[in-house]
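Below is the file entry_2.csv, which contains CSV, C-alpha atoms.
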```csv
chain,number,residue,atom,x,y,z
A,728,MET,CA,-10.3,4.7,-85.1
A,729,SER,CA,-8.9,6.8,-82.3
A,730,ILE,CA,-9.2,10.4,-81.2
A,731,ILE,CA,-6.5,12.5,-82.8
A,732,GLY,CA,-7.4,15.8,-81.3
A,733,ILE,CA,-10.0,17.8,-79.4
A,734,GLY,CA,-10.7,21.5,-79.7
A,735,ILE,CA,-13.1,23.8,-78.0
A,736,ASP,CA,-13.8,27.5,-78.5
A,737,ILE,CA,-16.0,30.1,-76.8
A,738,ALA,CA,-17.0,33.4,-78.6
A,739,ASP,CA,-18.6,36.5,-77.3
A,740,VAL,CA,-21.4,37.3,-79.8
A,741,ASP,CA,-21.5,41.1,-79.2
A,742,ARG,CA,-17.7,41.4,-79.6
A,743,PHE,CA,-17.8,39.4,-82.8
A,744,ALA,CA,-20.7,41.6,-84.1
A,745,GLU,CA,-18.7,44.7,-83.2
A,746,HIS,CA,-15.7,43.5,-85.1
A,747,ILE,CA,-17.8,42.8,-88.2
A,748,GLU,CA,-19.6,46.2,-87.9
A,749,ARG,CA,-16.2,48.0,-87.6
A,750,VAL,CA,-14.5,46.0,-90.4
A,751,PRO,CA,-17.3,44.6,-92.7
A,752,GLU,CA,-14.9,42.9,-95.1
A,753,LEU,CA,-13.7,40.7,-92.2
A,754,LEU,CA,-16.9,38.7,-92.5
A,755,ASP,CA,-16.1,37.8,-96.1
A,756,ARG,CA,-12.5,36.8,-95.1
A,757,LEU,CA,-13.7,34.5,-92.3
A,758,LEU,CA,-16.9,33.0,-93.7
A,759,THR,CA,-18.0,31.7,-97.1
A,760,PRO,CA,-21.1,33.3,-98.7
A,761,ALA,CA,-23.0,30.0,-97.9
A,762,GLU,CA,-22.0,30.3,-94.2
A,763,GLN,CA,-23.3,33.9,-94.0
A,764,LEU,CA,-26.7,33.1,-95.4
A,765,ARG,CA,-29.6,30.9,-94.2
A,766,ARG,CA,-31.4,28.6,-96.7
A,767,ASN,CA,-34.0,31.3,-97.4
A,768,GLY,CA,-31.2,33.7,-98.5
A,769,ARG,CA,-31.4,36.0,-95.5
A,770,ARG,CA,-28.3,36.8,-93.5
A,771,ARG,CA,-27.6,34.6,-90.4
A,772,SER,CA,-27.9,36.0,-86.9
A,773,ALA,CA,-24.8,37.3,-85.1
A,774,GLU,CA,-25.0,34.2,-82.9
A,775,SER,CA,-24.9,31.9,-85.9
A,776,LEU,CA,-22.1,33.8,-87.6
A,777,ALA,CA,-20.0,33.9,-84.4
A,778,ALA,CA,-20.7,30.2,-83.9
A,779,ARG,CA,-19.4,29.3,-87.3
A,780,PHE,CA,-16.2,31.2,-86.8
A,781,SER,CA,-15.8,29.7,-83.4
A,782,ALA,CA,-16.2,26.2,-84.9
A,783,LYS,CA,-13.2,27.0,-87.2
A,784,GLU,CA,-11.2,28.1,-84.2
A,785,ALA,CA,-12.0,24.8,-82.4
A,786,LEU,CA,-10.9,22.9,-85.5
A,787,VAL,CA,-7.6,24.8,-85.5
A,788,LYS,CA,-7.1,23.7,-81.9
A,789,ALA,CA,-8.1,20.1,-82.5
A,790,LEU,CA,-5.6,19.8,-85.4
A,791,GLN,CA,-2.9,22.1,-83.9
A,792,LEU,CA,-3.0,24.2,-87.0
A,793,PRO,CA,-1.4,27.7,-87.2
A,794,GLN,CA,-3.6,30.4,-85.8
A,795,ILE,CA,-4.3,31.9,-89.2
A,796,ILE,CA,-5.6,29.4,-91.8
A,797,PRO,CA,-7.3,29.8,-95.1
A,798,TRP,CA,-10.7,30.2,-93.4
A,799,HIS,CA,-12.8,29.4,-96.5
A,800,GLU,CA,-11.1,26.0,-96.6
A,801,ALA,CA,-13.0,24.9,-93.4
A,802,GLU,CA,-16.6,25.6,-94.3
A,803,ILE,CA,-19.4,24.9,-91.8
A,804,VAL,CA,-22.3,23.2,-93.5
A,805,SER,CA,-25.6,22.0,-92.1
A,806,ALA,CA,-27.6,18.9,-92.7
A,807,PHE,CA,-31.4,19.2,-93.3
A,808,SER,CA,-31.7,18.3,-89.6
A,809,GLY,CA,-29.6,21.3,-88.7
A,810,ALA,CA,-26.6,19.3,-87.6
A,811,PRO,CA,-23.4,21.1,-88.4
A,812,SER,CA,-20.3,19.6,-90.0
A,813,PHE,CA,-17.2,20.6,-91.8
A,814,ARG,CA,-16.5,20.7,-95.5
A,815,LEU,CA,-12.7,20.8,-95.8
A,816,THR,CA,-10.8,21.7,-98.9
A,817,GLY,CA,-7.3,22.8,-100.0
A,818,TRP,CA,-4.6,23.2,-97.5
A,819,VAL,CA,-6.8,22.4,-94.5
A,820,LEU,CA,-8.0,19.1,-96.1
A,821,GLU,CA,-4.4,18.2,-96.9
A,822,HIS,CA,-3.3,18.9,-93.3
A,823,PHE,CA,-6.3,17.0,-92.0
A,824,ARG,CA,-5.4,13.9,-94.1
A,825,ALA,CA,-1.7,14.2,-93.3
A,826,ARG,CA,-2.6,13.8,-89.6
A,827,GLY,CA,-4.4,10.6,-90.5
A,828,ALA,CA,-7.8,12.1,-89.7
A,829,GLN,CA,-10.9,10.7,-91.2
A,830,THR,CA,-13.8,12.3,-89.3
A,831,ALA,CA,-14.4,15.7,-87.6
A,832,HIS,CA,-17.3,15.8,-85.2
A,833,LEU,CA,-18.7,19.2,-84.5
A,834,SER,CA,-21.1,20.5,-81.8
A,835,ILE,CA,-22.3,24.1,-81.7
A,836,SER,CA,-24.3,25.9,-79.1
A,837,HIS,CA,-25.1,29.5,-78.3
A,838,ASP,CA,-26.9,31.1,-75.3
A,839,GLY,CA,-26.6,34.2,-73.2
A,840,GLY,CA,-24.5,36.1,-75.7
A,841,ARG,CA,-21.8,33.4,-76.0
A,842,THR,CA,-21.2,30.5,-78.4
A,843,VAL,CA,-19.5,27.3,-77.5
A,844,THR,CA,-18.1,24.9,-80.2
A,845,TYR,CA,-16.5,21.6,-79.7
A,846,VAL,CA,-14.6,19.5,-82.2
A,847,ILE,CA,-13.4,15.9,-82.0
A,848,VAL,CA,-11.1,14.7,-84.8
A,849,GLU,CA,-10.9,10.9,-85.2
A,850,GLY,CA,-8.8,8.7,-87.5
A,851,ASP,CA,-6.1,6.1,-87.9
A,852,GLY,CA,-3.3,8.6,-87.3
A,853,ALA,CA,-1.5,8.9,-84.0
A,854,PRO,CA,-3.0,11.2,-81.4
A,855,LEU,CA,-1.4,14.7,-81.5
A,856,PRO,CA,1.1,15.2,-78.8
A,857,PRO,CA,0.5,18.1,-76.4
A,858,PRO,CA,2.3,21.3,-77.7
A,859,VAL,CA,5.8,21.7,-76.4
A,860,ASP,CA,6.3,24.5,-73.9
A,861,GLN,CA,7.1,27.7,-75.6
A,862,PRO,CA,10.6,29.3,-75.2
A,863,ALA,CA,10.9,32.5,-73.2
A,864,PRO,CA,9.8,35.5,-75.4
A,865,LEU,CA,12.4,37.5,-77.1
A,866,LEU,CA,13.0,41.0,-75.7
A,867,PRO,CA,11.4,43.6,-78.0
A,868,GLY,CA,14.0,45.4,-80.1
A,869,SER,CA,16.8,42.9,-79.3
A,870,PRO,CA,18.9,41.7,-82.3
A,871,GLU,CA,17.3,38.2,-81.9
A,872,ALA,CA,13.8,39.6,-81.9
A,873,LEU,CA,14.5,41.8,-85.0
A,874,ALA,CA,16.0,38.8,-86.8
A,875,GLU,CA,13.0,36.6,-86.0
A,876,LEU,CA,10.6,39.4,-87.2
A,877,GLU,CA,12.5,39.7,-90.5
A,878,ALA,CA,12.4,35.9,-91.0
A,879,PHE,CA,8.7,35.9,-90.3
A,880,ARG,CA,8.1,38.7,-92.8
A,881,ALA,CA,10.2,36.8,-95.4
A,882,ARG,CA,8.1,33.6,-94.9
A,883,ALA,CA,4.9,35.6,-95.2
A,884,ARG,CA,6.0,37.3,-98.4
A,885,ALA,CA,7.1,33.9,-99.8
A,886,GLY,CA,3.7,32.4,-98.9
A,887,ARG,CA,1.8,35.3,-100.6
A,888,GLU,CA,3.9,35.0,-103.7
A,889,ALA,CA,3.4,31.2,-103.9
A,890,ARG,CA,-0.4,31.8,-103.9
```
Kindly present the structure from the file in structure tokens form.
Amino acid sequence: MSIIGIGIDIADVDRFAEHIERVPELLDRLLTPAEQLRRNGRRRSAESLAARFSAKEALVKALQLPQIIPWHEAEIVSAFSGAPSFRLTGWVLEHFRARGAQTAHLSISHDGGRTVTYVIVEGDGAPLPPPVDQPAPLLPGSPEALAELEAFRARARAGREAR
């Protein structure tokens, strides 16, 4: 097995908590009910919630996924020892397997109001190439930018209708 991708993410706990307080339904979009609760049924701390979302962000980077994924399809689960790992399902699992990935290693830490998560994806697939440099941004309001925006909206509509 070889390393296919590596991802790291840092999250500001207070900022994450503020977002959740301002838009409470955001928590349900980002984390499964099991991720939100400890084994005793109480809600996890802001540090733990932010770390779980941060882990998903690190996975996105390790697999070079689009920035918005079906977040519930990359669930963070804990062993009895407390060691975190991923439970992948649906589209995320399909993409994981398509890359030739077999294992995702996850490390989570939080201290001083910040969380740090690190993901290493291993498998028999080829290592992911570094992302290609992005083209120069389109000028806002230009015909090209408006056409690109309309194409994006059409793809988004088609994706929602397909679900």
Expected answer as a ChimeraX atom specification: all residues with atoms within 9 Å of (-6.2, 23.4, -97.5), only C-alpha atoms = /A:796-797,799-801,815-823
Give me a file of those residues, with C-alpha atoms, as a PDB file, in the frame of the given file.
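See again.pdb below for the written result:
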```pdb
ATOM      1  CA  ILE A 796      -5.600  29.400 -91.800  1.00  0.00           C
ATOM      2  CA  PRO A 797      -7.300  29.800 -95.100  1.00  0.00           C
ATOM      3  CA  HIS A 799     -12.800  29.400 -96.500  1.00  0.00           C
ATOM      4  CA  GLU A 800     -11.100  26.000 -96.600  1.00  0.00           C
ATOM      5  CA  ALA A 801     -13.000  24.900 -93.400  1.00  0.00           C
ATOM      6  CA  LEU A 815     -12.700  20.800 -95.800  1.00  0.00           C
ATOM      7  CA  THR A 816     -10.800  21.700 -98.900  1.00  0.00           C
ATOM      8  CA  GLY A 817      -7.300  22.800-100.000  1.00  0.00           C
ATOM      9  CA  TRP A 818      -4.600  23.200 -97.500  1.00  0.00           C
ATOM     10  CA  VAL A 819      -6.800  22.400 -94.500  1.00  0.00           C
ATOM     11  CA  LEU A 820      -8.000  19.100 -96.100  1.00  0.00           C
ATOM     12  CA  GLU A 821      -4.400  18.200 -96.900  1.00  0.00           C
ATOM     13  CA  HIS A 822      -3.300  18.900 -93.300  1.00  0.00           C
ATOM     14  CA  PHE A 823      -6.300  17.000 -92.000  1.00  0.00           C
TER      15      PHE A 823
END
```
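Straight-line separation from atom CA of A:Ile835 to atom CA of A:Asn767: 20.9 Å.
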Per residue of stretch 759-778 of chain A within 8 Å of stretch 736-740 of chain A, note the shortest atom pair and the distance in Å to one decimal, counting all atoms listed in the file, and order the rows by chain and increasing residue number, as a tab-separated table.
```
residue	atom	partner	partner_atom	distance
A:Ala773	CA	A:Val740	CA	6.3
A:Glu774	CA	A:Val740	CA	5.7
A:Ala777	CA	A:Val740	CA	5.9
A:Ala778	CA	A:Ala738	CA	7.2
```
ask   = Between atom CA of A:Gly852 and atom CA of A:Met728, what is the distance, to one decimal in Å?
value =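 It comes out at 8.3 Å.
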ask   = At what distance in Å, to one decimal, does atom CA of A:Gly734 lie from atom CA of A:Thr844?
value = 8.2 Å
query = With distances taken over all atoms listed in the file, which of A:Leu758, A:Ile735, A:Ala810, A:Ala878 is nearest to A:Val843?
reply =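 The shortest atom-to-atom distance to A:Val843 comes from A:Ile735.
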request  = Determine, counting only C-alpha atoms, which protein, DNA and RNA residues have an atom within 8 Å of an atom of A:Pro854; residues of the same chain fewer than 2 positions away are not included. Present the result as an NGL selection string.
outcome  = :A and (729-732 or 852 or 856)
key: Which of A:Thr842, A:Ala825, A:Val787, A:Leu792 sits closest to A:Arg742 [using all atoms listed in the file]   = A:Thr842
query = For A:Phe813, which residue among A:Asp741, A:Glu762, A:Asp755, A:Glu877 is the nearest when counting all atoms listed in the file?
reply =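 The answer is A:Glu762, which sits nearest to A:Phe813.
Proximity to A:Thr759 was assessed for A:Lys783, A:Phe879, A:Ala853, A:Leu833 counting only C-alpha atoms; the smallest distance is recorded for A:Lys783.
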query = Looking at A:Arg824, A:Gly840, A:Ile733, A:Tyr845, which one is nearest to A:Arg779, with distances taken over only C-alpha atoms?
reply =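 Closest to A:Arg779 of all the choices is A:Tyr845.
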